[in-house]
Amino acid sequence: MTSPKGAGSFGDAVITSESFVAKMPDGLSFEQAACLPTAGVTAWNGLVDKAKLKSGQRLFVNGCAGSVGEAVVQLARLFGAQVAGSCSGASVDRAVNSSVEPVYDYQRTAPASIRERFDVVYDTSAKMSLVEGFHSCGGTAYSSTSTRRR
């Protein structure tokens with residue numbers, strides 16, 4: 001929630017408000033659990049703060065099976081959005097099990113060739129061009145590195 005240097009995160013102990021911490025999920029190592037806040041905050045920032053995602057909207061997630069992509073999918077489903085996405089062929093089953101429908105293998109289907117229209121396009125890998133994002137989207141195209149509104 002604050003900068004590492006200013007918050008003392010390099011110290012042996014940290015004193016903070018209880019509202020800034022969460023229980024580490026069972027079955028995860030410290031290294032695995034340490035990655036969760038970054039993906040979750042990035043997903044929240046893109047969907048809620050930037051795109052203002054609402055129930056019933058259609059969302060396309062480029063990279064839907066990565067750490068940020070999975071967080072985006074979970075948040076979008078929580079908000080009642082319909083989620084489509086792309087990922088590697090090896091991750092398609094995982095994406096389908098996360099309620100992504102349809103799922104495209106990015107190695108076989110270029111995002112520019114998808115003819116569906118989406119309210120929000122979230123590019124977790126920042127590999128889509130803005131033209132590709134806007135082509136698929138009448139509203140907001142968001143990548144993990146920039147936000148552009150049409």
# chains A, B, ... in the order shown; residues from 1 in each chain; ligands from 1
>>> select_by_dssp(residues="region 19-96 of chain A", states="alpha helix (DSSP H)", output="ChimeraX atom specification")
/A:30-44,67-78,92-96
>>> write_last_selection(atoms="N, CA, C and O atoms", output="tab-separated table (two decimals), in the first residue's frame")
chain	number	residue	atom	x	y	z
A	30	PHE	N	5.64	-19.00	0.80
A	30	PHE	CA	5.74	-17.55	0.97
A	30	PHE	C	6.00	-16.88	-0.37
A	30	PHE	O	5.47	-15.82	-0.67
A	31	GLU	N	6.81	-17.52	-1.21
A	31	GLU	CA	7.13	-16.94	-2.52
A	31	GLU	C	5.88	-16.88	-3.41
A	31	GLU	O	5.64	-15.88	-4.09
A	32	GLN	N	5.07	-17.94	-3.39
A	32	GLN	CA	3.85	-17.95	-4.19
A	32	GLN	C	2.85	-16.91	-3.68
A	32	GLN	O	2.25	-16.18	-4.45
A	33	ALA	N	2.67	-16.84	-2.38
A	33	ALA	CA	1.71	-15.91	-1.80
A	33	ALA	C	2.14	-14.46	-2.01
A	33	ALA	O	1.30	-13.57	-2.15
A	34	ALA	N	3.44	-14.21	-2.05
A	34	ALA	CA	3.94	-12.84	-2.23
A	34	ALA	C	3.54	-12.26	-3.58
A	34	ALA	O	3.46	-11.05	-3.74
A	35	CYS	N	3.27	-13.11	-4.57
A	35	CYS	CA	2.89	-12.65	-5.91
A	35	CYS	C	1.42	-12.25	-6.00
A	35	CYS	O	1.04	-11.50	-6.91
A	36	LEU	N	0.57	-12.73	-5.12
A	36	LEU	CA	-0.86	-12.50	-5.23
A	36	LEU	C	-1.28	-11.03	-5.19
A	36	LEU	O	-2.12	-10.62	-5.98
A	37	PRO	N	-0.75	-10.22	-4.29
A	37	PRO	CA	-1.21	-8.83	-4.24
A	37	PRO	C	-0.94	-8.05	-5.53
A	37	PRO	O	-1.78	-7.25	-5.96
A	38	THR	N	0.17	-8.29	-6.18
A	38	THR	CA	0.48	-7.56	-7.41
A	38	THR	C	-0.55	-7.86	-8.48
A	38	THR	O	-1.08	-6.96	-9.13
A	39	ALA	N	-0.86	-9.14	-8.69
A	39	ALA	CA	-1.85	-9.52	-9.71
A	39	ALA	C	-3.23	-8.97	-9.35
A	39	ALA	O	-3.93	-8.43	-10.21
A	40	GLY	N	-3.61	-9.08	-8.10
A	40	GLY	CA	-4.93	-8.60	-7.69
A	40	GLY	C	-5.09	-7.10	-7.81
A	40	GLY	O	-6.11	-6.61	-8.29
A	41	VAL	N	-4.08	-6.36	-7.38
A	41	VAL	CA	-4.15	-4.89	-7.46
A	41	VAL	C	-4.14	-4.44	-8.92
A	41	VAL	O	-4.89	-3.53	-9.31
A	42	THR	N	-3.33	-5.09	-9.76
A	42	THR	CA	-3.30	-4.74	-11.18
A	42	THR	C	-4.65	-5.01	-11.83
A	42	THR	O	-5.16	-4.18	-12.59
A	43	ALA	N	-5.26	-6.15	-11.52
A	43	ALA	CA	-6.57	-6.49	-12.07
A	43	ALA	C	-7.62	-5.49	-11.60
A	43	ALA	O	-8.43	-4.98	-12.40
A	44	TRP	N	-7.64	-5.18	-10.31
A	44	TRP	CA	-8.61	-4.23	-9.77
A	44	TRP	C	-8.44	-2.86	-10.41
A	44	TRP	O	-9.42	-2.23	-10.81
A	67	SER	N	-1.24	-14.85	-14.22
A	67	SER	CA	-1.60	-14.41	-12.86
A	67	SER	C	-2.54	-13.21	-12.87
A	67	SER	O	-3.57	-13.22	-12.20
A	68	VAL	N	-2.21	-12.17	-13.63
A	68	VAL	CA	-3.11	-11.01	-13.70
A	68	VAL	C	-4.38	-11.40	-14.43
A	68	VAL	O	-5.49	-11.03	-14.01
A	69	GLY	N	-4.27	-12.17	-15.51
A	69	GLY	CA	-5.45	-12.59	-16.27
A	69	GLY	C	-6.44	-13.37	-15.43
A	69	GLY	O	-7.65	-13.14	-15.51
A	70	GLU	N	-5.96	-14.29	-14.63
A	70	GLU	CA	-6.87	-15.06	-13.77
A	70	GLU	C	-7.54	-14.16	-12.73
A	70	GLU	O	-8.73	-14.33	-12.44
A	71	ALA	N	-6.81	-13.20	-12.20
A	71	ALA	CA	-7.42	-12.26	-11.25
A	71	ALA	C	-8.47	-11.39	-11.96
A	71	ALA	O	-9.54	-11.13	-11.41
A	72	VAL	N	-8.18	-10.97	-13.19
A	72	VAL	CA	-9.14	-10.19	-13.98
A	72	VAL	C	-10.42	-11.00	-14.20
A	72	VAL	O	-11.53	-10.50	-14.00
A	73	VAL	N	-10.26	-12.26	-14.61
A	73	VAL	CA	-11.42	-13.12	-14.86
A	73	VAL	C	-12.26	-13.28	-13.60
A	73	VAL	O	-13.49	-13.14	-13.64
A	74	GLN	N	-11.61	-13.54	-12.48
A	74	GLN	CA	-12.36	-13.75	-11.23
A	74	GLN	C	-13.12	-12.49	-10.82
A	74	GLN	O	-14.28	-12.55	-10.42
A	75	LEU	N	-12.45	-11.34	-10.90
A	75	LEU	CA	-13.13	-10.09	-10.54
A	75	LEU	C	-14.27	-9.78	-11.50
A	75	LEU	O	-15.36	-9.37	-11.08
A	76	ALA	N	-14.04	-9.98	-12.79
A	76	ALA	CA	-15.08	-9.70	-13.78
A	76	ALA	C	-16.30	-10.58	-13.56
A	76	ALA	O	-17.44	-10.10	-13.62
A	77	ARG	N	-16.09	-11.85	-13.27
A	77	ARG	CA	-17.22	-12.75	-12.99
A	77	ARG	C	-17.93	-12.32	-11.72
A	77	ARG	O	-19.15	-12.37	-11.64
A	78	LEU	N	-17.17	-11.88	-10.71
A	78	LEU	CA	-17.77	-11.39	-9.47
A	78	LEU	C	-18.68	-10.19	-9.73
A	78	LEU	O	-19.75	-10.07	-9.15
A	92	VAL	N	-5.82	-23.56	-22.19
A	92	VAL	CA	-7.22	-23.39	-22.57
A	92	VAL	C	-8.16	-24.07	-21.58
A	92	VAL	O	-9.17	-23.48	-21.15
A	93	ASP	N	-7.88	-25.31	-21.17
A	93	ASP	CA	-8.76	-26.01	-20.23
A	93	ASP	C	-8.88	-25.25	-18.92
A	93	ASP	O	-9.97	-25.16	-18.34
A	94	ARG	N	-7.77	-24.72	-18.43
A	94	ARG	CA	-7.81	-23.96	-17.17
A	94	ARG	C	-8.69	-22.73	-17.32
A	94	ARG	O	-9.47	-22.38	-16.44
A	95	ALA	N	-8.59	-22.05	-18.47
A	95	ALA	CA	-9.42	-20.86	-18.71
A	95	ALA	C	-10.89	-21.24	-18.80
A	95	ALA	O	-11.75	-20.54	-18.23
A	96	VAL	N	-11.21	-22.32	-19.48
A	96	VAL	CA	-12.59	-22.78	-19.59
A	96	VAL	C	-13.15	-23.10	-18.20
A	96	VAL	O	-14.28	-22.74	-17.87
>>> residues_around(residues="Glu101 (chain A)", least_positions_apart="5", cutoff="10 Å", atoms="only C-alpha atoms", output="list of chain:residue names")
A:Phe60, A:Gln82, A:Val83, A:Ala84, A:Gly85, A:Ser86, A:Ala95, A:Val96
>>> write_last_selection(atoms="all heavy atoms", output="short mmCIF file (atom, residue, chain, number, x, y, z; two decimals), in the first residue's frame")
data_model
loop_
_atom_site.label_atom_id
_atom_site.label_comp_id
_atom_site.auth_asym_id
_atom_site.auth_seq_id
_atom_site.Cartn_x
_atom_site.Cartn_y
_atom_site.Cartn_z
N PHE A 60 -13.01 -8.84 -22.95
CA PHE A 60 -12.03 -9.73 -23.58
C PHE A 60 -10.72 -9.58 -22.82
O PHE A 60 -10.23 -8.45 -22.65
CB PHE A 60 -11.82 -9.40 -25.06
CG PHE A 60 -10.81 -10.29 -25.71
CD1 PHE A 60 -11.18 -11.56 -26.13
CD2 PHE A 60 -9.50 -9.88 -25.88
CE1 PHE A 60 -10.25 -12.41 -26.72
CE2 PHE A 60 -8.56 -10.72 -26.48
CZ PHE A 60 -8.94 -11.99 -26.89
N GLN A 82 -19.55 -10.80 -18.66
CA GLN A 82 -19.30 -11.96 -19.51
C GLN A 82 -17.86 -11.87 -19.96
O GLN A 82 -17.42 -10.82 -20.41
CB GLN A 82 -20.23 -11.96 -20.71
CG GLN A 82 -21.69 -12.04 -20.34
CD GLN A 82 -22.57 -11.83 -21.57
OE1 GLN A 82 -22.11 -11.66 -22.68
NE2 GLN A 82 -23.87 -11.84 -21.34
N VAL A 83 -17.12 -12.97 -19.86
CA VAL A 83 -15.68 -12.94 -20.11
C VAL A 83 -15.30 -13.89 -21.24
O VAL A 83 -15.61 -15.08 -21.19
CB VAL A 83 -14.88 -13.31 -18.84
CG1 VAL A 83 -13.38 -13.21 -19.10
CG2 VAL A 83 -15.29 -12.45 -17.67
N ALA A 84 -14.62 -13.36 -22.24
CA ALA A 84 -13.97 -14.14 -23.29
C ALA A 84 -12.48 -13.87 -23.16
O ALA A 84 -12.09 -12.87 -22.53
CB ALA A 84 -14.47 -13.72 -24.67
N GLY A 85 -11.65 -14.72 -23.73
CA GLY A 85 -10.23 -14.46 -23.58
C GLY A 85 -9.36 -15.29 -24.48
O GLY A 85 -9.84 -16.17 -25.21
N SER A 86 -8.07 -15.00 -24.42
CA SER A 86 -7.08 -15.77 -25.16
C SER A 86 -5.95 -16.16 -24.22
O SER A 86 -5.65 -15.46 -23.24
CB SER A 86 -6.52 -14.94 -26.33
OG SER A 86 -5.80 -13.84 -25.84
N ALA A 95 -8.59 -22.05 -18.47
CA ALA A 95 -9.42 -20.86 -18.71
C ALA A 95 -10.89 -21.24 -18.80
O ALA A 95 -11.75 -20.54 -18.23
CB ALA A 95 -8.95 -20.16 -19.98
N VAL A 96 -11.21 -22.32 -19.48
CA VAL A 96 -12.59 -22.78 -19.59
C VAL A 96 -13.15 -23.10 -18.20
O VAL A 96 -14.28 -22.74 -17.87
CB VAL A 96 -12.71 -24.01 -20.52
CG1 VAL A 96 -14.08 -24.67 -20.41
CG2 VAL A 96 -12.42 -23.61 -21.96
#
>>> residues_around(residues="Ala110 (chain A)", least_positions_apart="4", cutoff="10 Å", atoms="only C-alpha atoms", output="JSON list (two decimals) with C-alpha atoms, in the first residue's frame")
[["chain", "number", "residue", "atom", "x", "y", "z"],
["A", 86, "SER", "CA", -7.08, -15.77, -25.16],
["A", 104, "TYR", "CA", -9.00, -18.55, -28.05],
["A", 105, "ASP", "CA", -5.53, -20.06, -28.44],
["A", 106, "TYR", "CA", -3.47, -16.95, -29.20],
["A", 114, "ILE", "CA", -11.98, -12.07, -33.61],
["A", 128, "MET", "CA", -1.99, -6.05, -28.57],
["A", 132, "GLU", "CA", -6.40, -4.18, -32.26]]
>>> atom_distance(atom1="CA of Arg115 (chain A)", atom2="CA of Ser99 (chain A)")
20.2 Å
>>> atom_distance(atom1="CA of Asn97 (chain A)", atom2="CA of Thr109 (chain A)")
20.0 Å
>>> atom_distance(atom1="CA of Val61 (chain A)", atom2="CA of Ser88 (chain A)")
12.6 Å
>>> residues_around(residues="region 52-58 of chain A", least_positions_apart="6", cutoff="7 Å", atoms="only C-alpha atoms", output="ChimeraX atom specification")
/A:79-83,118-120
>>> closest_residue(among="A:Val121, A:Glu116, A:Ala13, A:Val100", to="Lys50 (chain A)", atoms="only C-alpha atoms")
A:Val121
>>> select_by_dssp(residues="region 29-121 of chain A", states="strand (DSSP E)", output="list in words")
Arg58, Leu59, Phe60, Val61, Asn62, Gln82, Val83, Ala84, Gly85, Ser86, Cys87, Val103, Tyr104, Asp105, Phe118, Asp119, Val120 and Val121 of chain A
